[in-house]
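First up is the structure itself, then whatever we jot down about it.
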Amino acid sequence: MGARRAVEIGTLGGYSGVAILRGLAPDGVLDTFEMDPAHARVADESFRRAGFAARARIHIGPALEQLRLVESEGPFDLCFIDADKEGYPAYLDWAARNLRTGGIVIGDNAFLFGQLGETAAASASPGLKAMRAFHERLARGGEFRSTVLPTGEGLAVGVKL
Ligand SMILES: C[S@@+](CC[C@H](N)C(=O)[O-])C[C@H]1O[C@@H](n2cnc3c(N)ncnc32)[C@H](O)[C@@H]1O
């Protein structure tokens with residue numbers, strides 16, 4: 001898709017960040033968001049070793065707060081969501097507002113470790129309610145054309161209309 005500006009929510013050690021950077025245009029930049037400074041330090045080293053030190057920007061702190069700081073640099077081409085599951089609806093909302101038309105949102109762990117098919121409504125955890133709200137908006141909100149790739153974890157993908 002010729003992506004040049006990507007956002008990742010949930011950096012951990014930089015594994016998926018390096019994969020995203022490898023798929024961007026040669027001058028593409030990744031803004032990646034991580035709450036834990038110790039994880040961010042590992043990611044920093046991963047990006048440096050992979051040759052992406054100049055093209056990866058790690059933002060440390062709660063993603064919803066930090067995301068606001070890059071909004072003025074949008075719209076973005078790609079948004080990969082892979083942080084706290086309760087936050088998925090808010091992250092999708094951010095993606096809907098800050099992706100370009102034709103931009104792609106990707107949500108990992110879309111099967112919520114097997115819990116997504118849980119039928120007992122009373123036992124729905126905050127994470128399960130959030131993941132269902134995420135799917136509902138992605139599939140039926142009218143903002144994205146979407147599907148879920150059947151990886152072991154479930155990878156939700158939406159193209160912004
Ligand atoms: C599943 S891991 C990310 C894995 C990474 N995307 C990869 O595949 O290599 C989730 C990460 O999100 C971070 N995280 C959780 N809640 C967060 C929040 N509210 N804001 C920013 N980062 C958060 C965690 O500290 C953790 O490092």
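Chain labels follow the order of the structure tokens: the first chain is A, the next B, and so on; residue numbering restarts at 1 in every chain, and ligands are counted from 1 in their shown order.
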Contact residues around Val159 in chain A with only C-alpha atoms at 9 Å, ignoring same-chain residues under 2 positions, as a PDB file with N, CA and C atoms, in the first residue's frame:
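Result file follows (around_17.pdb):
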ATOM      1  N   THR A 101      -8.221   7.877   4.064  1.00  0.00           N
ATOM      2  CA  THR A 101      -9.101   6.977   3.322  1.00  0.00           C
ATOM      3  C   THR A 101      -8.216   5.943   2.627  1.00  0.00           C
ATOM      4  N   GLY A 102      -8.546   4.661   2.765  1.00  0.00           N
ATOM      5  CA  GLY A 102      -7.698   3.594   2.213  1.00  0.00           C
ATOM      6  C   GLY A 102      -6.632   3.135   3.195  1.00  0.00           C
ATOM      7  N   GLY A 103      -6.513   3.835   4.323  1.00  0.00           N
ATOM      8  CA  GLY A 103      -5.575   3.420   5.370  1.00  0.00           C
ATOM      9  C   GLY A 103      -6.062   2.147   6.044  1.00  0.00           C
ATOM     10  N   ILE A 104      -5.149   1.463   6.699  1.00  0.00           N
ATOM     11  CA  ILE A 104      -5.475   0.149   7.258  1.00  0.00           C
ATOM     12  C   ILE A 104      -5.307   0.130   8.767  1.00  0.00           C
ATOM     13  N   VAL A 105      -6.304  -0.419   9.450  1.00  0.00           N
ATOM     14  CA  VAL A 105      -6.180  -0.693  10.877  1.00  0.00           C
ATOM     15  C   VAL A 105      -6.075  -2.203  11.057  1.00  0.00           C
ATOM     16  N   ILE A 106      -5.186  -2.625  11.951  1.00  0.00           N
ATOM     17  CA  ILE A 106      -5.000  -4.047  12.233  1.00  0.00           C
ATOM     18  C   ILE A 106      -5.081  -4.228  13.750  1.00  0.00           C
ATOM     19  N   GLU A 143     -17.461   2.600   8.807  1.00  0.00           N
ATOM     20  CA  GLU A 143     -16.226   3.357   8.565  1.00  0.00           C
ATOM     21  C   GLU A 143     -15.145   2.525   7.890  1.00  0.00           C
ATOM     22  N   PHE A 144     -15.256   1.205   7.998  1.00  0.00           N
ATOM     23  CA  PHE A 144     -14.213   0.302   7.493  1.00  0.00           C
ATOM     24  C   PHE A 144     -14.839  -0.831   6.691  1.00  0.00           C
ATOM     25  N   ARG A 145     -14.082  -1.347   5.715  1.00  0.00           N
ATOM     26  CA  ARG A 145     -14.390  -2.662   5.140  1.00  0.00           C
ATOM     27  C   ARG A 145     -13.432  -3.620   5.830  1.00  0.00           C
ATOM     28  N   SER A 146     -13.973  -4.655   6.472  1.00  0.00           N
ATOM     29  CA  SER A 146     -13.108  -5.406   7.394  1.00  0.00           C
ATOM     30  C   SER A 146     -13.271  -6.907   7.271  1.00  0.00           C
ATOM     31  N   VAL A 157      -8.606  -6.923  10.451  1.00  0.00           N
ATOM     32  CA  VAL A 157      -8.049  -5.970   9.478  1.00  0.00           C
ATOM     33  C   VAL A 157      -9.195  -5.143   8.899  1.00  0.00           C
ATOM     34  N   LEU A 161     -12.914   3.445   4.825  1.00  0.00           N
ATOM     35  CA  LEU A 161     -13.699   3.829   3.654  1.00  0.00           C
ATOM     36  C   LEU A 161     -13.668   5.340   3.480  1.00  0.00           C
TER      37      LEU A 161
END
Please report, as number ranges by chain, each residue of range 13-147 of chain A to which DSSP assigns helix (DSSP H, G or I) when run on this structure's backbone.
A: 15-23, 37-49, 63-73, 85-98, 112-114, 121-123, 126-140
List all protein, DNA and RNA residues that have at least one atom no more than 7 Å from any atom of ligand 1, counting only C-alpha atoms and all ligand atoms, and write them as a ChimeraX atom specification.
/A:9-17,33-36,39,61-64,82-84,87
Write down as a ChimeraX atom specification the residues of range 37-130 of chain A whose backbone DSSP state falls under strand (DSSP E or B).
/A:56-60,76-81,99-107
Between A:Asp108, A:Arg137, A:Asn98, A:Glu8, which one has atoms that come closest to His59 in chain A, using only C-alpha atoms?
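Of A:Asp108, A:Arg137, A:Asn98, A:Glu8, the one nearest His59 in chain A is A:Glu8, counting only C-alpha atoms.
CA of Gly23 in chain A sits 7.9 Å away from CA of Ala3 in chain A.
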For the atom pair CA of Pro75 in chain A and CA of Pro37 in chain A, what is the interatomic distance in Å to one decimal place?
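Answer for the CA of Pro75 in chain A to CA of Pro37 in chain A separation: 26.8 Å.
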So how far away is CA of Arg132 in chain A from CA of Arg68 in chain A, in Å?
24.6 Å
Just want the 9 Å neighbourhood of Leu24 in chain A, counted on only C-alpha atoms, with same-chain residues fewer than 5 positions away dropped. Output as a PDB file with C-alpha atoms, in the first residue's frame.
ATOM      1  CA  MET A   1       0.000   0.000   0.000  1.00  0.00           C
ATOM      2  CA  GLY A   2       3.059   2.297  -0.089  1.00  0.00           C
ATOM      3  CA  ALA A   3       2.661   3.187   3.571  1.00  0.00           C
ATOM      4  CA  ARG A   4       4.941   5.956   4.835  1.00  0.00           C
ATOM      5  CA  ARG A   5       3.397   6.799   8.215  1.00  0.00           C
ATOM      6  CA  ALA A   6       2.537   3.961  10.586  1.00  0.00           C
ATOM      7  CA  VAL A  29       8.384   6.368   9.818  1.00  0.00           C
ATOM      8  CA  LEU A  30       6.853   4.332  12.652  1.00  0.00           C
TER       9      LEU A  30
END
Test item: residues at most 12 Å from Leu155 in chain A, only C-alpha atoms, excluding those fewer than 3 positions along its chain, as a compact mmCIF listing (two decimals) with C-alpha atoms, in the first residue's frame:
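Writing the result to result22.txt gives the following:
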# COMPACT_ATOMS: atom_id res chain seq x y z
CA PHE A 80 -1.51 -1.63 14.36
CA ILE A 81 -3.31 -2.17 17.68
CA ASP A 82 -1.66 -4.63 20.08
CA VAL A 105 -6.18 -0.69 10.88
CA ILE A 106 -5.00 -4.05 12.23
CA GLY A 107 -5.98 -5.47 15.63
CA ASP A 108 -4.05 -8.42 17.05
CA ASN A 109 -5.50 -10.99 19.49
CA ALA A 110 -8.93 -10.46 17.93
CA PHE A 111 -10.10 -13.87 19.24
CA LEU A 112 -9.15 -12.72 22.77
CA PHE A 113 -7.27 -15.93 23.55
CA HIS A 135 -15.45 -6.03 16.28
CA SER A 146 -13.11 -5.41 7.39
CA THR A 147 -12.33 -9.05 7.93
CA VAL A 148 -10.55 -11.25 10.45
CA LEU A 149 -7.63 -13.38 9.36
CA PRO A 150 -7.72 -16.76 11.11
CA THR A 151 -4.25 -16.70 12.64
CA GLY A 152 -4.04 -18.51 15.97
CA GLY A 158 -10.05 -2.98 8.27
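Candidate residues A:Ala124, A:Lys129, A:Asp93, A:Ala25 were compared for distance to Gly141 in chain A, and the nearest is A:Asp93, using only C-alpha atoms.
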I'd like to know which of A:Glu73, A:Gly51, A:Pro126, A:Glu65 is closest to Asp31 in chain A, using only C-alpha atoms.
A:Glu73
Polymer residues at most 10 Å from range 45-47 of chain A, only C-alpha atoms, same-chain spacing of 5 or more positions, as a ChimeraX atom specification:
/A:13-15,17-18,21,40,52-58
